[in-house]
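Novice: Below are the structure tokens for one structure; questions will follow.
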Amino acid sequence: MMIDSEKASDETSKEGFPTEDVPRPNADDAPDVPSFGRLLTLAKPEWTMLAVAFILMVGAEGLGLYNPVLLADAYDYLINPLLTTSERMTEINGVMALVLILHGAGVVGGFFRVAIMQSAGERIVARLRYDLYSSILSQDIAFFDKTKSGELVSRLSSDTTLLQKATSQAVPEVCVGFVKLVASIAIMFWISAPLAGVTLACVFLIFVVVIPFGKWIGALSKRYQDALGKAQTRSTEALGAMRTVQSFAAEDRERARYREVIGDPMQFPFWYPTDHKKHETTYSVGFFKSIVNSGFYSIIFGVGFGCLYISLWFGFKLVNDGDISLGDLTAFQSYVFQIGASLGQTSAAITQLVEAKGASGRVFYLLDRVPSIPTPLLGDDKNDEEVPPTPLKPESMMGAVAFNNVSFSYPSRPDLPVLRNFSLSILPNTTAALVGSSGAGKSTVVALIQRFYDVTDGSVTIDGNDIRDLDVKWLRRRVGYVQQEPSVFGLSVRENITYGVDRMVSQEELEACCEKANAHDFIAQWPNGYETLVGERGIQLSGGQKQRLAIARSLLVDPRILLLDEATSALDAESEHLVQEAIDKAAEGRTTIIVAHRLSTIRRASQIVVVDDHQIIDVGSHDALLERCPKYQDLIRRQSVFSTK
Ligand SMILES: Nc1ncnc2c1ncn2[C@@H]1O[C@H](COP(=O)(O)OP(=O)(O)OP(=O)(O)O)[C@@H](O)[C@H]1O
């Protein structure tokens, strides 16, 4: 869906982003940025070299433009009755030598200009991708809740390529095409004004046709990119969850889901996508795009050659009348060709620019998007205005966590309250277990402590400081987090465990940490030990091993607060015991908050927080709660049944 730019500006805050009471656009809803100037700023560091390339381009093209005039002389010498045969050849030799020298110089200049422009393009796209990736990484978690990763991948790959082509190829080509056009027209008028007049009338006709066609192609290209983005989203989702896909034998369903956006050309024996109005696919848009593209070029070349023949016809008349020489006519025709070629080249470049304009809207939107929670990326100028002037970075963290009358809804579902008047106090170096039915809001509590989201009302404090006043990087570096389904990267075990630290870690430290997390023994058994690659997303690890690896990873950071979202998936007794031991050791000497599902974990906690219906209904020790809290009794009863089973 495109946003009406005027409407969007009404609805946006002073930073240019929508206020909270209107749906925030995701990357796909990004408004088009109509400024080509902004596109050009991407190439700012390359401007000097691009200017050199531009001069070489103008020079090379200029030399090429002069050749028809020289060749006209050669033709005229050839049929000049006043010269002898040898005099004619002498004159022609001089002219042709000059033609070859100019041609050679043009080729050398052309080589340098293409080399400079293409390498400048690579520099631009590499920088752009990095900046875009940085900007995406700096976004708040709410943004990722709403934006599909396939879309972002598409922004990083195809959209950036379109911008690369636009800045390093299309813009210079349009400029040169224009210069060539003006120069050719000037020379044509110099050769013969009447002939030039007739020809230009035809060229004007081409312009009249090209402009609406260009717009049409631009719109179709955008729709094509959008459909392709959707296809990419679906394939990324499925390929990222191949185990789930295969375990449900859902390959056919995934193929069908992909085909739904790609389209099925075999369904249309006459190629025409009859369902295009109901359902837009890359095939249906691509089909019309091919036809419109073909029509565009056919009209350009059709009208172009038509012009050529008409002007040639009129030219023959002028030669016959003695108004111009035959050489002049051949030179004139060359310029008509030049105009045709430069129009073709310029229109292709304009098509690229129109495509890039759509892509630039999406890319610049992401580049400019200011996250609602300041990013921990340091030295990022765009966050400076958002971060409080002096975010707090206390010398140390004690680890006292408090929720003060917190209410919260996820930004993607603002109408659904997830926490209501939630108040809780956790003392430093104690363990709190959050228990409650599924969907009660336990994981949300953990997310709020890391400031993945800001509370809607109330405050979350650490050592008495509102976490909104703390430096986000400082905060997150001191809060360890072990997810229910820990994310493990397709790296070595060592790289996975040292993921959270920027310093060198000795083997002894690594092993000590893994021993604490009950991970050393299984790692040491592998032939490559800590250098073992764990496969994409840790596919070669068992559930329990992944959890212990994730605990080791958190422990290496030595967090003051440890957040554990205990896995609900049942581990076998041995694994469960090992994980439990790891959790116990990890919890020593730090504030630990566990979303607990196992009785063994719950019983060990200093305080148990019973969450139900988005509120805390009781807090206390296991024995006290067992005595007075029916909800807790119910939870424990079910837990015991599960454990006995
Ligand atoms: N990223 C999100 N965006 C929108 N809603 C969410 C998001 N994450 C969770 N929710 C919703 O918030 C509510 C609380 O979810 P939460 O994950 O905190 O529950 P939980 O108590 O941890 O459940 P479980 O024990 O099953 O993990 C649920 O209704 C859930 O659908």
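Going by the structure tokens order, chains are called A, B, ..., each with residues numbered from 1, while ligands are numbered from 1 in the order shown.
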List as a list in words the protein and nucleic acid residues near Val52 in chain A, meaning an atom at most 12 Å away when only C-alpha atoms are counted, but skip any in the same chain fewer than 2 places from it.

Specialist: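 Counting only C-alpha atoms, the residues come to Glu46, Trp47, Thr48, Met49, Leu50, Phe54, Ile55, Leu56, Met57, Val58, Gly59, Gly109, Gly110, Phe112, Arg113, Val114, Ala115, Ile116, Met117, Ala120 and Pro172 of chain A.
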
Novice: Those same residues - C-alpha atoms - I'd like them written as a CSV table (one decimal), in the first residue's frame.

Specialist:
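What ended up in part_33.csv:
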chain,number,residue,atom,x,y,z
A,46,GLU,CA,32.7,9.5,-5.4
A,47,TRP,CA,31.7,12.8,-6.9
A,48,THR,CA,35.3,13.7,-7.9
A,49,MET,CA,35.9,10.5,-9.7
A,50,LEU,CA,32.5,10.5,-11.2
A,54,PHE,CA,31.7,12.4,-16.8
A,55,ILE,CA,34.4,14.6,-18.5
A,56,LEU,CA,35.8,11.5,-20.2
A,57,MET,CA,32.3,10.5,-21.3
A,58,VAL,CA,31.6,13.9,-22.7
A,59,GLY,CA,35.1,13.9,-24.4
A,109,GLY,CA,38.3,7.4,-22.8
A,110,GLY,CA,35.3,5.1,-22.9
A,112,PHE,CA,38.3,4.7,-18.3
A,113,ARG,CA,34.8,6.1,-17.9
A,114,VAL,CA,33.1,2.7,-17.7
A,115,ALA,CA,35.8,1.3,-15.3
A,116,ILE,CA,35.5,4.4,-13.1
A,117,MET,CA,31.7,4.4,-13.1
A,120,ALA,CA,32.2,3.8,-8.2
A,172,PRO,CA,25.5,10.1,-16.1

Novice: Let me have all residues with an atom within 6 Å of ligand 1, counting only C-alpha atoms and all ligand atoms, laid out as a VMD selection string.

Specialist: chain A and resid 145 410 412 to 413 418 438 to 444

Novice: Measuring atom to atom with only C-alpha atoms, identify which of A:Ala249, A:Ile141, A:Leu195, A:Cys514 is nearest to Leu318 in chain A.

Specialist: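 Nearest candidate to Leu318 in chain A out of A:Ala249, A:Ile141, A:Leu195, A:Cys514: A:Leu195.
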
Novice: Quick one: of A:Ile206, A:Ala126, A:Leu65, A:Met398, who's nearest to Gly344 in chain A, counting only C-alpha atoms?

Specialist: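 Checking each candidate against Gly344 in chain A, we get A:Ile206 as the closest.
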
Novice: Could you list, as a count of residues only, every residue within 7 Å of range 322-335 of chain A, counting only C-alpha atoms and ignoring same-chain residues fewer than 5 positions away?

Specialist: 10

Novice: What's around Val292 in chain A at 7 Å? Count only C-alpha atoms, leave out sequence neighbours fewer than 4 positions away in its own chain, and write the answer as a ChimeraX atom specification.

Specialist: /A:217,288,296

Novice: For Phe522 in chain A, which residue among A:Tyr499, A:Arg548, A:Ala359, A:Glu588 is the nearest when counting only C-alpha atoms?

Specialist: A:Arg548

Novice: I want to know what sits within 8 Å of Ile616 in chain A, based on only C-alpha atoms, with residues of the same chain fewer than 5 positions away left out; could you give that as number ranges by chain?

Specialist: A: 422-423, 609-611

Novice: Please determine, counting only C-alpha atoms, which residue among A:Leu163, A:Leu556, A:Ile426, A:Ile350 has the shortest atom-to-atom distance to Leu40 in chain A.

Specialist: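 Result for the nearest residue to Leu40 in chain A: A:Leu163.
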
Novice: In Å to one decimal, how far is CA of Arg637 in chain A from CA of Lys585 in chain A?

Specialist: 27.3 Å

Novice: Rounded to one decimal, what separation in Å do you get between CA of Glu566 in chain A and CA of Ile594 in chain A?

Specialist: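 Those two atoms sit 6.7 Å apart.
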